[in-house]
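Student: Structure file entry-v7.cif (mmCIF, C-alpha atoms and all ligand atoms) is given on the next line.
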data_input
loop_
_atom_site.group_PDB
_atom_site.id
_atom_site.type_symbol
_atom_site.label_atom_id
_atom_site.label_comp_id
_atom_site.auth_asym_id
_atom_site.auth_seq_id
_atom_site.Cartn_x
_atom_site.Cartn_y
_atom_site.Cartn_z
ATOM 1 C CA MET J 3 -51.292 -31.997 3.020
ATOM 2 C CA ASP J 4 -49.009 -29.127 2.039
ATOM 3 C CA ILE J 5 -48.383 -26.128 4.270
ATOM 4 C CA PHE J 6 -51.003 -24.020 2.494
ATOM 5 C CA ASP J 7 -53.790 -26.576 2.965
ATOM 6 C CA LYS J 8 -52.670 -27.210 6.549
ATOM 7 C CA ILE J 9 -52.822 -23.518 7.437
ATOM 8 C CA LEU J 10 -56.177 -23.099 5.643
ATOM 9 C CA ALA J 11 -57.607 -26.021 7.621
ATOM 10 C CA ASP J 12 -56.318 -24.541 10.890
ATOM 11 C CA HIS J 13 -57.730 -21.124 10.029
ATOM 12 C CA GLY J 14 -61.130 -22.693 9.358
ATOM 13 C CA LYS J 15 -60.990 -24.235 12.820
ATOM 14 C CA ILE J 16 -59.934 -20.900 14.367
ATOM 15 C CA ARG J 17 -62.857 -19.095 12.688
ATOM 16 C CA GLY J 18 -65.205 -21.774 14.066
ATOM 17 C CA LEU J 19 -63.770 -21.503 17.588
ATOM 18 C CA ILE J 20 -64.217 -17.711 17.502
ATOM 19 C CA ASP J 21 -67.860 -18.156 16.429
ATOM 20 C CA GLY J 22 -68.280 -20.755 19.182
ATOM 21 C CA LEU J 23 -66.969 -18.408 21.853
ATOM 22 C CA GLU J 24 -69.129 -15.588 20.566
ATOM 23 C CA ALA J 25 -72.221 -17.794 20.780
ATOM 24 C CA ALA J 26 -71.327 -19.321 24.163
ATOM 25 C CA GLY J 27 -73.499 -18.580 27.187
ATOM 26 C CA ASP J 28 -71.928 -17.682 30.554
ATOM 27 C CA ASP J 29 -71.676 -21.345 31.563
ATOM 28 C CA GLU J 30 -69.773 -22.362 28.445
ATOM 29 C CA ARG J 31 -67.598 -19.303 28.093
ATOM 30 C CA CYS J 32 -64.542 -20.572 29.993
ATOM 31 C CA GLU J 33 -64.496 -23.828 28.064
ATOM 32 C CA ALA J 34 -64.970 -22.102 24.697
ATOM 33 C CA TYR J 35 -62.278 -19.542 25.522
ATOM 34 C CA THR J 36 -59.794 -22.228 26.585
ATOM 35 C CA ALA J 37 -60.440 -24.173 23.373
ATOM 36 C CA LEU J 38 -59.786 -21.087 21.234
ATOM 37 C CA LYS J 39 -56.754 -19.973 23.228
ATOM 38 C CA ASP J 40 -55.070 -23.402 23.235
ATOM 39 C CA PHE J 41 -55.587 -24.005 19.541
ATOM 40 C CA LEU J 42 -54.651 -20.475 18.455
ATOM 41 C CA LEU J 43 -51.383 -20.464 20.424
ATOM 42 C CA CYS J 44 -50.519 -23.957 19.187
ATOM 43 C CA HIS J 45 -51.221 -22.879 15.599
ATOM 44 C CA HIS J 46 -49.100 -19.733 15.900
ATOM 45 C CA ASP J 47 -46.154 -21.625 17.394
ATOM 46 C CA ALA J 48 -46.309 -24.398 14.797
ATOM 47 C CA GLU J 49 -46.618 -21.847 11.998
ATOM 48 C CA GLN J 50 -43.580 -19.969 13.269
ATOM 49 C CA GLU J 51 -41.468 -23.116 13.601
ATOM 50 C CA THR J 52 -42.220 -24.231 10.040
ATOM 51 C CA PHE J 53 -43.783 -21.750 7.593
ATOM 52 C CA PHE J 54 -42.247 -18.525 8.872
ATOM 53 C CA ALA J 55 -38.886 -20.080 9.822
ATOM 54 C CA GLU J 56 -38.612 -21.013 6.129
ATOM 55 C CA LEU J 57 -40.013 -17.741 4.729
ATOM 56 C CA VAL J 58 -37.595 -15.483 6.652
ATOM 57 C CA GLN J 59 -34.824 -17.127 4.628
ATOM 58 C CA HIS J 60 -36.266 -15.739 1.388
ATOM 59 C CA ALA J 61 -35.650 -12.021 0.798
ATOM 60 C CA ALA J 62 -38.980 -11.531 -1.019
ATOM 61 C CA ALA J 63 -40.966 -12.959 1.896
ATOM 62 C CA ARG J 64 -38.934 -11.860 4.918
ATOM 63 C CA ASP J 65 -40.770 -8.611 5.748
ATOM 64 C CA ASP J 66 -44.187 -10.249 5.502
ATOM 65 C CA ALA J 67 -43.054 -13.122 7.708
ATOM 66 C CA MET J 68 -41.602 -10.792 10.348
ATOM 67 C CA HIS J 69 -44.815 -8.757 10.348
ATOM 68 C CA MET J 70 -46.914 -11.886 10.907
ATOM 69 C CA ILE J 71 -44.650 -13.081 13.733
ATOM 70 C CA GLU J 72 -45.014 -9.679 15.384
ATOM 71 C CA GLU J 73 -48.797 -9.993 15.206
ATOM 72 C CA HIS J 74 -48.639 -13.435 16.868
ATOM 73 C CA GLY J 75 -46.963 -11.641 19.780
ATOM 74 C CA GLU J 76 -49.766 -9.072 19.889
ATOM 75 C CA HIS J 77 -52.399 -11.831 20.059
ATOM 76 C CA LYS J 78 -50.478 -13.430 22.939
ATOM 77 C CA LYS J 79 -50.472 -10.116 24.796
ATOM 78 C CA ILE J 80 -54.248 -9.706 24.449
ATOM 79 C CA ILE J 81 -54.725 -13.300 25.654
ATOM 80 C CA GLU J 82 -52.565 -12.601 28.725
ATOM 81 C CA GLN J 83 -54.736 -9.564 29.468
ATOM 82 C CA MET J 84 -57.901 -11.655 29.057
ATOM 83 C CA ASP J 85 -56.501 -14.322 31.391
ATOM 84 C CA ALA J 86 -56.172 -11.668 34.098
ATOM 85 C CA ILE J 87 -59.808 -10.464 33.816
ATOM 86 C CA ASP J 88 -63.016 -12.094 35.034
ATOM 87 C CA PRO J 89 -64.664 -13.527 31.872
ATOM 88 C CA ARG J 90 -68.013 -12.140 33.034
ATOM 89 C CA ALA J 91 -66.709 -8.553 33.044
ATOM 90 C CA ASP J 92 -67.526 -6.098 30.228
ATOM 91 C CA ARG J 93 -63.821 -5.391 29.884
ATOM 92 C CA TRP J 94 -63.253 -9.049 29.025
ATOM 93 C CA GLU J 95 -65.783 -8.816 26.202
ATOM 94 C CA ASP J 96 -64.045 -5.698 24.887
ATOM 95 C CA LYS J 97 -60.745 -7.592 24.877
ATOM 96 C CA PHE J 98 -62.327 -10.544 23.113
ATOM 97 C CA ALA J 99 -63.718 -8.172 20.451
ATOM 98 C CA GLU J 100 -60.190 -6.810 19.985
ATOM 99 C CA LEU J 101 -58.689 -10.313 19.758
ATOM 100 C CA LYS J 102 -61.363 -11.407 17.286
ATOM 101 C CA ASP J 103 -60.764 -8.421 14.978
ATOM 102 C CA ASP J 104 -56.996 -8.807 15.131
ATOM 103 C CA VAL J 105 -56.997 -12.577 14.561
ATOM 104 C CA LEU J 106 -59.507 -12.496 11.680
ATOM 105 C CA HIS J 107 -57.555 -9.714 10.006
ATOM 106 C CA HIS J 108 -54.304 -11.631 10.558
ATOM 107 C CA ILE J 109 -55.506 -14.909 9.069
ATOM 108 C CA ASP J 110 -57.047 -13.122 6.064
ATOM 109 C CA GLU J 111 -53.750 -11.358 5.463
ATOM 110 C CA GLU J 112 -51.872 -14.659 5.712
ATOM 111 C CA GLU J 113 -54.168 -16.381 3.233
ATOM 112 C CA GLU J 114 -54.086 -13.525 0.749
ATOM 113 C CA ASP J 115 -50.820 -11.567 0.874
ATOM 114 C CA VAL J 116 -48.435 -14.033 2.521
ATOM 115 C CA PHE J 117 -49.618 -17.080 0.569
ATOM 116 C CA ALA J 118 -49.173 -15.192 -2.722
ATOM 117 C CA VAL J 119 -45.501 -14.488 -1.937
ATOM 118 C CA ALA J 120 -44.911 -17.908 -0.366
ATOM 119 C CA ARG J 121 -46.264 -19.757 -3.409
ATOM 120 C CA GLN J 122 -43.624 -17.992 -5.485
ATOM 121 C CA VAL J 123 -40.646 -18.785 -3.260
ATOM 122 C CA LEU J 124 -41.458 -22.275 -1.895
ATOM 123 C CA PRO J 125 -40.966 -25.253 -4.214
ATOM 124 C CA LYS J 126 -43.792 -27.840 -4.066
ATOM 125 C CA SER J 127 -41.634 -30.381 -2.225
ATOM 126 C CA VAL J 128 -40.753 -27.862 0.481
ATOM 127 C CA ALA J 129 -44.411 -26.850 0.891
ATOM 128 C CA GLU J 130 -45.312 -30.550 1.322
ATOM 129 C CA ASP J 131 -42.559 -31.123 3.862
ATOM 130 C CA LEU J 132 -43.510 -28.022 5.868
ATOM 131 C CA GLY J 133 -47.147 -29.144 5.983
ATOM 132 C CA VAL J 134 -46.205 -32.550 7.365
ATOM 133 C CA ARG J 135 -43.899 -30.975 9.959
ATOM 134 C CA MET J 136 -46.534 -28.465 11.040
ATOM 135 C CA GLY J 137 -49.041 -31.292 11.536
ATOM 136 C CA ARG J 138 -46.523 -33.222 13.611
ATOM 137 C CA ILE J 139 -45.801 -30.232 15.839
ATOM 138 C CA GLU J 140 -49.513 -29.757 16.446
ATOM 139 C CA GLY J 141 -49.850 -33.436 17.248
ATOM 140 C CA GLY J 142 -52.385 -34.143 14.507
ATOM 141 C CA PRO J 143 -52.255 -36.493 11.523
ATOM 142 C CA GLY J 144 -50.542 -33.814 9.403
HETATM 143 FE FE FE D 201 -50.188 -16.491 11.804
HETATM 144 FE FE FE D 202 -52.080 -18.741 10.638
#
For this file, write the structure as structure tokens.
Ligand SMILES: [Fe+2]
Ligand SMILES: [Fe+2]
Tutor:
Amino acid sequence: MDIFDKILADHGKIRGLIDGLEAAGDDERCEAYTALKDFLLCHHDAEQETFFAELVQHAAARDDAMHMIEEHGEHKKIIEQMDAIDPRADRWEDKFAELKDDVLHHIDEEEEDVFAVARQVLPKSVAEDLGVRMGRIEGGPG
């Protein structure tokens, strides 16, 4: 699986976990939140160590990559704020709405704008190698 398919598969899972948290009742909210948080942070880290570490080395893709890395940091900040609030509070739901909007916008931007540039600068063999490495970092089959 090359890096593009790997990231697309992860993003599909992230979209599903967001839907799951949105649909979760009070009893399931903690579990659904933890599942989303753990997977999202793991995805961001793995993406940074592979896809973006490679893209920052290409002048045409560097600005996009830096912008995406910055947004990962913003998601982490919102998650830290959510961790400090009671999940039953209205404020927590407001923060989740913010996280959801930011993350969905971010993954759309990655799939559209960043992929378009990345497909131009990454040779097929490199894209394959990055996909395998990203899978390994996440602990999955790749
Ligand atoms: Fe990302
Ligand atoms: Fe991503």
Student: Could you list, as a list in words, every residue within 12 Å of Asp47 (chain J), counting all atoms listed in the file and ignoring same-chain residues fewer than 3 positions away?
Tutor: Asp40, Phe41, Leu42, Leu43, Cys44, Gln50, Glu51, Thr52, Phe53, Phe54, Ala55, Met70, Ile71, His74, Gly75, His77, Lys78, Met136, Gly137, Ile139 and Glu140 of chain J
Student: What does the file look like for those residues with C-alpha atoms, as a PDB file, in the coordinates of the input?
Tutor:
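selection-v2.pdb written:
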ATOM      1  CA  ASP J  40     -55.070 -23.402  23.235  1.00  0.00           C
ATOM      2  CA  PHE J  41     -55.587 -24.005  19.541  1.00  0.00           C
ATOM      3  CA  LEU J  42     -54.651 -20.475  18.455  1.00  0.00           C
ATOM      4  CA  LEU J  43     -51.383 -20.464  20.424  1.00  0.00           C
ATOM      5  CA  CYS J  44     -50.519 -23.957  19.187  1.00  0.00           C
ATOM      6  CA  GLN J  50     -43.580 -19.969  13.269  1.00  0.00           C
ATOM      7  CA  GLU J  51     -41.468 -23.116  13.601  1.00  0.00           C
ATOM      8  CA  THR J  52     -42.220 -24.231  10.040  1.00  0.00           C
ATOM      9  CA  PHE J  53     -43.783 -21.750   7.593  1.00  0.00           C
ATOM     10  CA  PHE J  54     -42.247 -18.525   8.872  1.00  0.00           C
ATOM     11  CA  ALA J  55     -38.886 -20.080   9.822  1.00  0.00           C
ATOM     12  CA  MET J  70     -46.914 -11.886  10.907  1.00  0.00           C
ATOM     13  CA  ILE J  71     -44.650 -13.081  13.733  1.00  0.00           C
ATOM     14  CA  HIS J  74     -48.639 -13.435  16.868  1.00  0.00           C
ATOM     15  CA  GLY J  75     -46.963 -11.641  19.780  1.00  0.00           C
ATOM     16  CA  HIS J  77     -52.399 -11.831  20.059  1.00  0.00           C
ATOM     17  CA  LYS J  78     -50.478 -13.430  22.939  1.00  0.00           C
ATOM     18  CA  MET J 136     -46.534 -28.465  11.040  1.00  0.00           C
ATOM     19  CA  GLY J 137     -49.041 -31.292  11.536  1.00  0.00           C
ATOM     20  CA  ILE J 139     -45.801 -30.232  15.839  1.00  0.00           C
ATOM     21  CA  GLU J 140     -49.513 -29.757  16.446  1.00  0.00           C
TER      22      GLU J 140
END
Student: Starting from the displayed file, determine the output of the PyMOL selection byres (((chain J and resi 90-100) around 12) and not hetatm) and express the residue list as a PyMOL selection string.
Tutor: chain J and resi 20-21+23-24+26-32+34-35+38-39+76-89+101-107
Student: How would the residues just picked look written out with C-alpha atoms as a short mmCIF file (atom, residue, chain, number, x, y, z; two decimals), in the coordinates of the input?
Tutor:
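Result went into result-v1.cif, see below:
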data_model
loop_
_atom_site.label_atom_id
_atom_site.label_comp_id
_atom_site.auth_asym_id
_atom_site.auth_seq_id
_atom_site.Cartn_x
_atom_site.Cartn_y
_atom_site.Cartn_z
CA ILE J 20 -64.22 -17.71 17.50
CA ASP J 21 -67.86 -18.16 16.43
CA LEU J 23 -66.97 -18.41 21.85
CA GLU J 24 -69.13 -15.59 20.57
CA ALA J 26 -71.33 -19.32 24.16
CA GLY J 27 -73.50 -18.58 27.19
CA ASP J 28 -71.93 -17.68 30.55
CA ASP J 29 -71.68 -21.34 31.56
CA GLU J 30 -69.77 -22.36 28.44
CA ARG J 31 -67.60 -19.30 28.09
CA CYS J 32 -64.54 -20.57 29.99
CA ALA J 34 -64.97 -22.10 24.70
CA TYR J 35 -62.28 -19.54 25.52
CA LEU J 38 -59.79 -21.09 21.23
CA LYS J 39 -56.75 -19.97 23.23
CA GLU J 76 -49.77 -9.07 19.89
CA HIS J 77 -52.40 -11.83 20.06
CA LYS J 78 -50.48 -13.43 22.94
CA LYS J 79 -50.47 -10.12 24.80
CA ILE J 80 -54.25 -9.71 24.45
CA ILE J 81 -54.72 -13.30 25.65
CA GLU J 82 -52.56 -12.60 28.72
CA GLN J 83 -54.74 -9.56 29.47
CA MET J 84 -57.90 -11.66 29.06
CA ASP J 85 -56.50 -14.32 31.39
CA ALA J 86 -56.17 -11.67 34.10
CA ILE J 87 -59.81 -10.46 33.82
CA ASP J 88 -63.02 -12.09 35.03
CA PRO J 89 -64.66 -13.53 31.87
CA LEU J 101 -58.69 -10.31 19.76
CA LYS J 102 -61.36 -11.41 17.29
CA ASP J 103 -60.76 -8.42 14.98
CA ASP J 104 -57.00 -8.81 15.13
CA VAL J 105 -57.00 -12.58 14.56
CA LEU J 106 -59.51 -12.50 11.68
CA HIS J 107 -57.56 -9.71 10.01
#
Student: If the PyMOL selection byres (((chain J and resi 123-132) around 9) and not hetatm) is run on the structure shown, which residues does it catch, given as an NGL selection string?
Tutor: :J and (3-6 or 52-53 or 56-57 or 60 or 62-63 or 119-122 or 133-137)
Student: What are the nearest atom pairs, with distances in Å to one decimal, for all residues of chain J that come at most 7 Å from ligand FE 202 (chain D), using all atoms listed in the file, set out by chain and rising residue number as JSON lines?
Tutor:
{"residue": "J:Ile9", "atom": "CA", "partner": "D:FE202", "partner_atom": "FE", "distance": 5.8}
{"residue": "J:His13", "atom": "CA", "partner": "D:FE202", "partner_atom": "FE", "distance": 6.2}
{"residue": "J:His45", "atom": "CA", "partner": "D:FE202", "partner_atom": "FE", "distance": 6.5}
{"residue": "J:His46", "atom": "CA", "partner": "D:FE202", "partner_atom": "FE", "distance": 6.1}
{"residue": "J:Glu49", "atom": "CA", "partner": "D:FE202", "partner_atom": "FE", "distance": 6.4}
{"residue": "J:Ile109", "atom": "CA", "partner": "D:FE202", "partner_atom": "FE", "distance": 5.4}
{"residue": "J:Glu112", "atom": "CA", "partner": "D:FE202", "partner_atom": "FE", "distance": 6.4}
Student: Calculated over all atoms listed in the file, which of the candidates J:His69, J:Arg138, J:His108, J:Lys8 has the smallest distance to ligand FE 201 (chain D)?
Tutor: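 Comparing J:His69, J:Arg138, J:His108, J:Lys8 against ligand FE 201 (chain D), the winner is J:His108.
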